[in-house]
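Have a look at protein_39.cif; it's mmCIF, C-alpha atoms:
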data_run
loop_
_atom_site.label_atom_id
_atom_site.label_comp_id
_atom_site.auth_asym_id
_atom_site.auth_seq_id
_atom_site.Cartn_x
_atom_site.Cartn_y
_atom_site.Cartn_z
CA GLU A 1 -20.99 110.51 -46.53
CA GLU A 2 -24.29 112.35 -46.46
CA PRO A 3 -24.80 114.15 -43.08
CA ALA A 4 -28.58 114.20 -43.57
CA ALA A 5 -28.76 110.40 -43.77
CA ALA A 6 -30.19 108.78 -40.65
CA VAL A 7 -29.13 105.28 -41.76
CA VAL A 8 -26.20 104.31 -43.96
CA LYS A 9 -26.50 101.31 -46.28
CA VAL A 10 -23.53 99.69 -48.02
CA ALA A 11 -24.03 96.68 -50.28
CA TYR A 12 -21.78 95.12 -52.90
CA ARG A 13 -21.05 91.76 -54.39
CA ALA A 14 -18.64 89.84 -52.18
CA ARG A 15 -15.82 88.23 -54.19
CA SER A 16 -14.67 86.04 -51.30
CA ILE A 17 -15.58 85.52 -47.66
CA ARG A 18 -12.78 87.93 -46.74
CA ASP A 19 -14.95 90.71 -48.15
CA ASN A 20 -17.42 89.98 -45.35
CA LEU A 21 -14.91 91.05 -42.74
CA GLU A 22 -14.70 94.55 -44.21
CA LEU A 23 -18.48 94.80 -44.27
CA LEU A 24 -18.87 93.52 -40.71
CA ASP A 25 -16.47 96.19 -39.43
CA LEU A 26 -18.48 99.05 -40.96
CA PRO A 27 -21.34 99.36 -38.40
CA GLY A 28 -18.86 100.06 -35.64
CA ALA A 29 -16.94 102.60 -37.70
CA MET A 30 -19.70 104.71 -39.25
CA GLY A 31 -20.95 106.47 -36.14
CA ARG A 32 -24.59 106.00 -37.09
CA PRO A 33 -26.98 103.09 -37.80
CA THR A 34 -25.49 101.09 -40.66
CA ILE A 35 -26.60 98.28 -42.94
CA ALA A 36 -23.61 96.52 -44.53
CA LEU A 37 -24.30 93.44 -46.64
CA GLY A 38 -22.45 91.31 -49.17
CA MET A 39 -24.33 89.92 -52.14
CA GLY A 40 -23.78 86.60 -53.89
CA LYS A 41 -22.75 83.19 -52.59
CA PHE A 42 -19.80 84.66 -50.67
CA GLY A 43 -21.86 87.28 -48.84
CA LEU A 44 -24.11 85.16 -46.62
CA MET A 45 -21.81 85.56 -43.61
CA SER A 46 -22.36 89.33 -43.58
CA ARG A 47 -26.13 88.84 -43.59
CA VAL A 48 -26.18 86.28 -40.76
CA LEU A 49 -23.58 87.97 -38.54
CA ALA A 50 -24.99 91.50 -38.88
CA PRO A 51 -26.47 91.43 -35.32
CA LYS A 52 -23.10 90.46 -33.81
CA PHE A 53 -21.47 93.59 -35.21
CA GLY A 54 -24.32 96.00 -34.50
CA GLY A 55 -25.80 96.07 -37.98
CA PHE A 56 -29.03 98.07 -38.15
CA LEU A 57 -30.84 95.26 -39.92
CA THR A 58 -30.43 92.43 -42.38
CA PHE A 59 -32.58 91.26 -45.28
CA ALA A 60 -34.34 87.98 -46.06
CA SER A 61 -36.80 86.75 -48.66
CA ILE A 62 -40.16 85.14 -48.03
CA ARG A 63 -39.26 82.12 -50.16
CA PRO A 64 -36.28 81.00 -52.29
CA THR A 65 -37.97 82.02 -55.53
CA GLU A 66 -38.55 85.60 -54.40
CA VAL A 67 -35.07 86.87 -53.46
CA THR A 68 -34.45 90.57 -54.08
CA ALA A 69 -30.65 90.25 -54.23
CA PRO A 70 -28.24 87.40 -55.09
CA GLY A 71 -27.38 85.18 -52.12
CA GLN A 72 -30.24 86.42 -49.96
CA PRO A 73 -31.39 83.81 -47.41
CA THR A 74 -35.03 83.12 -46.66
CA ILE A 75 -36.72 84.22 -43.44
CA ARG A 76 -36.95 80.57 -42.44
CA GLU A 77 -33.20 80.11 -42.87
CA LEU A 78 -32.33 83.21 -40.87
CA LEU A 79 -34.71 82.42 -38.02
CA ASP A 80 -34.75 78.63 -37.89
CA VAL A 81 -31.34 77.56 -39.20
CA TYR A 82 -29.07 80.43 -38.13
CA ARG A 83 -31.18 81.60 -35.15
CA VAL A 84 -30.36 85.20 -36.02
CA ARG A 85 -32.39 86.58 -33.10
CA SER A 86 -30.06 84.89 -30.62
CA ILE A 87 -26.84 86.26 -32.16
CA ARG A 88 -25.13 88.93 -30.09
CA ALA A 89 -21.66 90.43 -29.66
CA THR A 90 -20.49 87.48 -27.53
CA THR A 91 -21.59 84.80 -30.00
CA GLY A 92 -18.74 82.58 -31.18
CA VAL A 93 -18.41 82.03 -34.93
CA TYR A 94 -18.03 78.59 -36.50
CA GLY A 95 -18.51 77.39 -40.04
CA VAL A 96 -17.92 74.93 -42.83
CA VAL A 97 -15.06 75.58 -45.26
CA GLY A 98 -15.14 73.97 -48.69
CA TRP A 99 -16.04 74.40 -52.34
CA PRO A 100 -18.83 74.26 -53.33
CA LEU A 101 -21.10 74.44 -50.26
CA GLU A 102 -24.59 75.13 -51.59
CA GLN A 103 -25.87 71.67 -50.59
CA SER A 104 -24.07 71.36 -47.25
CA LEU A 105 -26.15 70.00 -44.37
CA SER A 106 -23.65 71.12 -41.74
CA PRO A 107 -25.26 74.49 -40.90
CA HIS A 108 -28.58 72.76 -40.22
CA VAL A 109 -26.94 70.15 -38.00
CA HIS A 110 -24.50 72.24 -35.98
CA ASN A 111 -26.77 75.23 -35.37
CA ALA A 112 -29.44 72.84 -34.08
CA GLY A 113 -26.81 71.21 -31.88
CA PHE A 114 -25.80 74.59 -30.42
CA ALA A 115 -29.44 75.39 -29.72
CA ALA A 116 -30.08 72.04 -28.03
CA ILE A 117 -27.34 72.58 -25.43
CA GLY A 118 -27.82 76.35 -25.07
CA PHE A 119 -24.41 77.14 -26.58
CA ASP A 120 -23.71 80.72 -27.68
CA GLY A 121 -22.44 80.00 -31.18
CA VAL A 122 -23.48 80.29 -34.80
CA TYR A 123 -22.30 78.15 -37.71
CA VAL A 124 -22.22 79.58 -41.24
CA PRO A 125 -21.06 78.50 -44.72
CA MET A 126 -17.54 79.73 -45.51
CA PRO A 127 -16.92 78.96 -49.18
CA ILE A 128 -13.29 79.19 -50.29
CA ALA A 129 -13.04 78.78 -54.04
CA ALA A 130 -10.70 76.14 -55.45
CA ASP A 131 -9.51 75.29 -58.94
CA THR A 132 -8.27 71.77 -59.68
CA SER A 133 -6.13 73.17 -62.51
CA ASP A 134 -4.37 75.55 -60.10
CA PRO A 135 -3.57 73.71 -56.84
CA GLY A 136 -1.02 76.33 -55.82
CA GLY A 137 -3.51 79.15 -56.21
CA SER A 138 -6.20 77.16 -54.37
CA TYR A 139 -3.92 76.61 -51.39
CA ALA A 140 -2.84 80.27 -51.37
CA SER A 141 -6.48 81.35 -51.24
CA PHE A 142 -7.26 78.86 -48.48
CA LYS A 143 -4.27 79.95 -46.40
CA ALA A 144 -4.92 83.67 -46.74
CA THR A 145 -8.59 83.29 -45.87
CA MET A 146 -8.07 81.03 -42.85
CA LEU A 147 -5.39 83.26 -41.36
CA GLU A 148 -7.53 86.37 -41.83
CA LEU A 149 -10.49 84.70 -40.13
CA LEU A 150 -8.29 83.68 -37.21
CA HIS A 151 -6.63 87.07 -36.83
CA HIS A 152 -9.73 89.26 -37.17
CA ALA A 153 -10.02 91.13 -33.88
CA SER A 154 -13.78 90.99 -33.27
CA LEU A 155 -14.98 88.02 -35.33
CA ASP A 156 -14.27 85.53 -32.51
CA PHE A 157 -13.70 82.69 -34.96
CA ARG A 158 -13.53 79.55 -32.83
CA GLY A 159 -13.49 76.66 -35.26
CA CYS A 160 -14.73 75.10 -38.44
CA SER A 161 -15.43 71.95 -40.38
CA VAL A 162 -13.29 71.58 -43.49
CA THR A 163 -14.56 69.57 -46.43
CA LEU A 164 -13.45 68.94 -50.00
CA PRO A 165 -11.19 70.05 -51.53
CA HIS A 166 -9.42 71.66 -48.57
CA LYS A 167 -8.80 68.77 -46.14
CA GLU A 168 -5.19 68.33 -47.24
CA HIS A 169 -4.73 72.10 -47.33
CA LEU A 170 -5.68 72.25 -43.65
CA VAL A 171 -2.91 69.84 -42.66
CA ARG A 172 -0.39 71.68 -44.81
CA LEU A 173 -1.31 74.97 -43.16
CA ALA A 174 -1.18 73.43 -39.69
CA ARG A 175 2.35 72.23 -40.33
CA GLU A 176 3.45 75.61 -41.68
CA GLU A 177 1.92 77.50 -38.74
CA ARG A 178 3.06 74.91 -36.17
CA TRP A 179 -0.45 74.35 -34.90
CA ARG A 180 -1.20 71.29 -32.80
CA LEU A 181 -1.87 68.45 -35.25
CA GLU A 182 -3.64 65.34 -34.01
CA PRO A 183 -1.65 62.15 -34.87
CA THR A 184 -4.41 60.68 -37.06
CA ALA A 185 -4.66 63.84 -39.14
CA ASP A 186 -0.87 64.04 -39.34
CA ARG A 187 -0.54 60.47 -40.60
CA LEU A 188 -3.41 60.83 -43.07
CA GLY A 189 -2.25 64.19 -44.34
CA ALA A 190 -5.89 65.30 -44.25
CA ALA A 191 -8.09 66.87 -41.58
CA ASN A 192 -11.68 68.03 -41.35
CA THR A 193 -11.82 69.90 -38.04
CA LEU A 194 -10.20 73.05 -36.66
CA VAL A 195 -10.72 74.31 -33.12
CA VAL A 196 -9.40 77.45 -31.41
CA ARG A 197 -8.78 77.11 -27.68
CA GLY A 198 -7.32 79.91 -25.61
CA GLY A 199 -5.54 81.43 -28.55
CA SER A 200 -4.05 78.15 -29.78
CA VAL A 201 -5.21 76.22 -32.83
CA GLU A 202 -5.70 72.45 -33.04
CA VAL A 203 -6.41 70.42 -36.18
CA MET A 204 -7.90 66.92 -36.22
CA ASN A 205 -9.68 64.29 -38.30
CA THR A 206 -13.11 63.04 -37.19
CA ASP A 207 -13.86 61.16 -40.43
CA ALA A 208 -11.57 58.22 -39.65
CA PRO A 209 -12.95 57.31 -36.19
CA ALA A 210 -16.50 57.68 -37.54
CA VAL A 211 -15.87 54.90 -40.10
CA ALA A 212 -14.38 52.59 -37.48
CA GLU A 213 -17.23 53.20 -35.02
CA GLU A 214 -19.90 52.60 -37.64
CA LEU A 215 -18.49 49.23 -38.71
CA GLN A 216 -17.53 48.27 -35.16
CA ALA A 217 -21.20 48.53 -34.22
CA ALA A 218 -22.28 46.45 -37.23
CA LEU A 219 -19.62 43.71 -36.99
CA GLY A 220 -19.19 43.49 -33.24
CA GLY A 221 -15.45 44.13 -33.56
CA LEU A 222 -12.92 44.78 -36.29
CA SER A 223 -9.86 42.76 -35.40
CA GLY A 224 -9.15 40.24 -38.15
CA LYS A 225 -12.15 41.26 -40.25
CA ARG A 226 -11.68 41.35 -44.04
CA ILE A 227 -12.89 44.64 -45.45
CA LEU A 228 -12.92 45.84 -49.05
CA VAL A 229 -12.63 49.60 -49.52
CA LEU A 230 -13.60 51.01 -52.91
CA GLY A 231 -11.77 54.17 -53.96
CA ALA A 232 -8.43 55.83 -53.39
CA GLY A 233 -9.39 59.38 -52.41
CA GLY A 234 -9.61 61.15 -49.07
CA MET A 235 -12.52 59.13 -47.70
CA ALA A 236 -10.88 55.84 -48.71
CA ARG A 237 -7.66 56.97 -47.03
CA ALA A 238 -9.50 57.78 -43.79
CA ALA A 239 -11.43 54.50 -43.86
CA ALA A 240 -8.38 52.34 -44.58
CA TYR A 241 -6.37 53.99 -41.83
CA ALA A 242 -9.07 53.71 -39.17
CA LEU A 243 -9.93 50.10 -39.99
CA ALA A 244 -6.32 48.92 -40.16
CA ASP A 245 -5.60 50.72 -36.90
CA ALA A 246 -8.42 48.70 -35.33
CA GLY A 247 -6.88 45.43 -36.57
CA ALA A 248 -8.89 44.80 -39.73
CA ARG A 249 -7.35 43.44 -42.95
CA VAL A 250 -8.10 46.05 -45.57
CA THR A 251 -8.03 45.62 -49.35
CA LEU A 252 -8.22 48.69 -51.56
CA HIS A 253 -9.69 48.57 -55.04
CA ASN A 254 -9.83 51.53 -57.38
CA ARG A 255 -10.58 52.04 -61.03
CA THR A 256 -6.98 53.23 -61.40
CA HIS A 257 -5.01 50.48 -59.68
CA ALA A 258 -1.84 52.55 -59.41
CA LYS A 259 -3.62 55.01 -57.11
CA ALA A 260 -4.86 52.22 -54.85
CA GLN A 261 -1.39 50.69 -54.78
CA ALA A 262 0.23 54.01 -53.86
CA LEU A 263 -2.32 54.55 -51.09
CA ALA A 264 -1.76 51.06 -49.68
CA GLU A 265 2.01 51.54 -49.68
CA SER A 266 1.66 54.85 -47.84
CA PHE A 267 0.42 52.89 -44.82
CA ASP A 268 3.33 50.45 -44.68
CA ALA A 269 5.11 52.51 -42.05
CA PHE A 270 2.14 52.07 -39.71
CA PHE A 271 0.45 48.78 -40.64
CA ARG A 272 2.84 46.64 -42.67
CA GLY A 273 0.68 44.26 -44.67
CA GLY A 274 -2.51 45.51 -43.02
CA VAL A 275 -3.57 47.47 -46.09
CA THR A 276 -3.14 45.99 -49.55
CA ALA A 277 -4.35 46.86 -53.04
CA SER A 278 -5.92 44.49 -55.54
CA ALA A 279 -6.37 45.02 -59.28
CA ASN A 280 -9.00 42.26 -59.31
CA MET A 281 -11.80 42.98 -56.89
CA PRO A 282 -11.87 40.26 -54.19
CA LEU A 283 -15.33 38.83 -53.56
CA ASN A 284 -15.09 35.88 -51.20
CA GLY A 285 -14.64 35.87 -47.44
CA LEU A 286 -15.51 39.53 -47.01
CA ASP A 287 -16.99 40.85 -43.79
CA ALA A 288 -17.71 44.33 -45.15
CA VAL A 289 -17.55 46.47 -48.26
CA ILE A 290 -17.29 50.26 -48.07
CA ASN A 291 -17.97 52.48 -51.05
CA CYS A 292 -15.74 55.55 -50.78
CA THR A 293 -16.25 56.67 -54.38
CA SER A 294 -18.80 59.17 -55.73
CA VAL A 295 -20.65 56.46 -57.67
CA GLY A 296 -24.34 56.74 -56.80
CA MET A 297 -24.04 60.29 -55.45
CA VAL A 298 -26.34 63.06 -56.63
CA GLY A 299 -24.30 65.28 -58.90
CA GLY A 300 -21.42 62.81 -59.04
CA GLY A 301 -21.93 61.90 -62.69
CA ALA A 302 -22.84 58.26 -62.00
CA GLU A 303 -26.03 58.61 -60.00
CA ASP A 304 -27.71 55.47 -61.34
CA GLN A 305 -24.69 53.17 -61.16
CA VAL A 306 -23.19 50.78 -58.61
CA PRO A 307 -19.44 50.58 -57.94
CA LEU A 308 -19.22 46.76 -57.84
CA ASP A 309 -21.02 43.56 -58.80
CA VAL A 310 -23.26 43.24 -55.75
CA ASP A 311 -24.75 39.93 -56.88
CA ALA A 312 -21.32 38.34 -57.10
CA VAL A 313 -20.37 39.64 -53.66
CA ALA A 314 -23.59 38.32 -52.15
CA LYS A 315 -22.94 34.90 -53.66
CA GLU A 316 -19.35 34.66 -52.38
CA SER A 317 -19.81 36.53 -49.07
CA PRO A 318 -23.48 36.15 -48.03
CA ARG A 319 -22.92 37.70 -44.58
CA VAL A 320 -21.16 40.82 -45.85
CA VAL A 321 -22.14 44.28 -44.58
CA VAL A 322 -22.38 46.96 -47.28
CA LEU A 323 -21.64 50.54 -46.20
CA ASP A 324 -21.98 53.46 -48.61
CA SER A 325 -20.25 56.69 -47.57
CA VAL A 326 -22.56 58.57 -49.95
CA TYR A 327 -25.50 60.13 -48.12
CA LYS A 328 -27.10 62.09 -50.98
CA PRO A 329 -29.30 60.20 -51.70
CA ARG A 330 -29.74 58.14 -48.55
CA GLU A 331 -30.73 55.09 -50.60
CA THR A 332 -28.08 54.73 -53.29
CA PRO A 333 -28.34 52.17 -56.12
CA LEU A 334 -25.69 50.14 -54.29
CA LEU A 335 -27.73 49.94 -51.10
CA THR A 336 -30.96 49.27 -52.98
CA ARG A 337 -29.44 46.29 -54.74
CA ALA A 338 -27.72 45.00 -51.62
CA LYS A 339 -30.98 45.13 -49.65
CA SER A 340 -32.82 43.27 -52.41
CA LEU A 341 -30.29 40.45 -51.99
CA GLY A 342 -30.80 40.29 -48.23
CA LEU A 343 -27.48 41.88 -47.29
CA ARG A 344 -27.07 44.14 -44.26
CA THR A 345 -26.62 47.75 -45.31
CA ILE A 346 -25.50 51.03 -43.72
CA ASP A 347 -26.16 54.36 -45.41
CA GLY A 348 -23.84 57.37 -45.25
CA THR A 349 -26.02 59.26 -42.81
CA GLY A 350 -24.46 57.47 -39.85
CA LEU A 351 -20.94 58.44 -40.90
CA PHE A 352 -21.92 62.07 -41.32
CA VAL A 353 -23.66 62.14 -37.93
CA ARG A 354 -20.79 60.47 -36.08
CA GLN A 355 -18.12 62.84 -37.38
CA ALA A 356 -20.36 65.88 -36.82
CA LYS A 357 -21.11 64.77 -33.25
CA ARG A 358 -17.37 64.56 -32.53
CA GLN A 359 -16.82 68.02 -34.00
CA SER A 360 -19.57 69.55 -31.89
CA ALA A 361 -18.17 68.01 -28.71
CA VAL A 362 -14.69 69.35 -29.48
CA TRP A 363 -16.02 72.87 -29.98
CA THR A 364 -18.52 73.05 -27.13
CA GLY A 365 -17.18 70.59 -24.56
CA ARG A 366 -20.62 68.99 -24.40
CA GLU A 367 -22.28 66.01 -26.06
CA VAL A 368 -25.25 66.42 -28.38
CA ASP A 369 -27.70 63.56 -28.81
CA ALA A 370 -26.84 61.76 -32.05
CA GLY A 371 -30.56 61.20 -32.60
CA LEU A 372 -31.05 64.96 -32.99
CA PHE A 373 -28.41 65.15 -35.71
CA GLU A 374 -29.69 62.06 -37.49
CA GLY A 375 -33.26 63.35 -37.49
CA ILE A 376 -32.20 66.67 -38.99
CA VAL A 377 -30.11 65.02 -41.71
CA ARG A 378 -32.88 62.62 -42.70
CA ARG A 379 -35.49 65.41 -42.69
CA GLU A 380 -33.37 67.73 -44.85
CA LEU A 381 -32.49 64.96 -47.28
CA SER A 382 -36.13 63.92 -47.58
CA GLN A 383 -37.20 67.50 -48.28
CA ARG A 384 -34.51 67.97 -50.91
CA GLU A 385 -35.30 64.69 -52.59
CA ALA A 386 -38.99 65.61 -52.68
CA ALA A 387 -38.17 69.03 -54.12
CA SER A 388 -35.97 67.53 -56.82
CA GLU A 389 -38.85 65.25 -57.81
CA GLY A 390 -41.28 68.15 -58.04
CA GLY A 391 -42.78 67.69 -54.60
CA ALA A 392 -42.99 70.09 -51.70
CA PRO A 393 -40.11 72.59 -51.43
#

What does this structure look like when you write it as structure tokens?
Amino acid sequence: EEPAAAVVKVAYRARSIRDNLELLDLPGAMGRPTIALGMGKFGLMSRVLAPKFGGFLTFASIRPTEVTAPGQPTIRELLDVYRVRSIRATTGVYGVVGWPLEQSLSPHVHNAGFAAIGFDGVYVPMPIAADTSDPGGSYASFKATMLELLHHASLDFRGCSVTLPHKEHLVRLAREERWRLEPTADRLGAANTLVVRGGSVEVMNTDAPAVAEELQAALGGLSGKRILVLGAGGMARAAAYALADAGARVTLHNRTHAKAQALAESFDAFFRGGVTASANMPLNGLDAVINCTSVGMVGGGAEDQVPLDVDAVAKESPRVVVLDSVYKPRETPLLTRAKSLGLRTIDGTGLFVRQAKRQSAVWTGREVDAGLFEGIVRRELSQREAASEGGAP
């Protein structure tokens, strides 16, 4: 340590978000003005939270193409998304946990929600790396990181959204730590929301009720409705559970029938006969179809495809509602084709907004206007789509 230095600067590449905690502690330990920043995709937290921990300053670039260090946010992101000028020692920390997170809309949505209700909180990306070939190692990393965030003395970590591939990890950790586990999350074995209240931790699932609410509004009720759910992953599980719980008759169809069959059978203890699996996709008498696969999603490997024969469905079930859980892009090939055939459609934006609105209310105790969230999501998606097509950044 150089005694002649008026300001100390420490910067290194963060290997995980846990490295941020060491950096954030430095300003209070150095005894002089200190800049402590993590570089790379894992270091953003240290840059955004610098004011909370008394950091002398933080860095930002003028535009994305002119960063001076890996992982550096733009001035617009720091000021408009993270509201860095409003962050102080009392600010509660929230975030989104998942892998990868580069395209997540959650920071835009939740930080705007906090601002709208005057809530003293900031929401940041919290990437926790995962490897599908090493599930044990992925869970170990998730567990160690979450516990360190919760136990850090001055971070004031109050909650987070949890997305793929860590939703099942969250329930596993909740069971091990004996946290309060909401019945829906417990039955599904997957959760997307963590909240810290008075030193206790609660885990819940807001995906499932969002699906039920979205279709309830479209169909005027769910009891007795015949609904086809495409897929057998986490979103399909949440959708099937919520719809069957509301009295709908749910049929699962997946490219690998055995997975759909196993998922259907997992619900027998709760809804015997309410959820079934079909190797041959049913077409007639349907009230709704929900796509819970990645077909049509940007980056999903099947961006220009549709997950079912929409023309055949329209012929056999002309009043069917088509809901696509994919929201990037907003207008998927499935929805485009369904609209061209005169079918009612629902894009994935509504699902995202509904579950995010529930999360925000759990954390803050106050309701945020869903229209605010929806407007932000549609604006961000439009800008990203335009940028990907060579339009305005």

Pick from A:Leu57, A:Ala236, A:Pro107, A:Gly92 nearest to A:Ile376, counting only C-alpha atoms: A:Pro107

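Shortest atom-to-atom contact with A:Lys52 among A:Val84, A:Glu77, A:Pro70, A:His166: A:Val84, counting all atoms listed in the file.
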
A:Arg63 environment, 8 Å, all atoms listed in the file, sequence neighbours closer than 3 positions dropped, as a list in words: Glu66, Val67, Thr74 and Ile75 of chain A

Generate a file of the selected residues that holds C-alpha atoms, formatted as a PDB file, keeping the file's coordinate frame.
ATOM      1  CA  GLU A  66     -38.550  85.600 -54.400  1.00  0.00           C
ATOM      2  CA  VAL A  67     -35.070  86.870 -53.460  1.00  0.00           C
ATOM      3  CA  THR A  74     -35.030  83.120 -46.660  1.00  0.00           C
ATOM      4  CA  ILE A  75     -36.720  84.220 -43.440  1.00  0.00           C
TER       5      ILE A  75
END

Check which residues of stretch 95-210 of chain A sit at most 9 Å from stretch 4-28 of chain A using all atoms listed in the file, and return one row each with the closest pair of atoms and their distance in Å to one decimal, ordered by chain and rising number, as a Markdown table.
| residue | atom | partner | partner_atom | distance |
| --- | --- | --- | --- | --- |
| A:Met126 | CA | A:Ile17 | CA | 6.5 |
| A:Pro127 | CA | A:Ile17 | CA | 6.9 |
| A:Ile128 | CA | A:Ser16 | CA | 7.1 |
| A:Ala129 | CA | A:Ser16 | CA | 7.9 |
| A:Ala144 | CA | A:Arg18 | CA | 8.9 |
| A:Thr145 | CA | A:Arg18 | CA | 6.3 |
| A:Glu148 | CA | A:Arg18 | CA | 7.4 |
| A:Leu149 | CA | A:Arg18 | CA | 7.7 |
| A:His152 | CA | A:Leu21 | CA | 7.8 |
| A:Ser154 | CA | A:Asp25 | CA | 8.5 |
| A:Leu155 | CA | A:Leu21 | CA | 8.0 |

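In this model, the gap between atom CA of A:Asn205 and atom CA of A:Glu168 comes to 10.8 Å.
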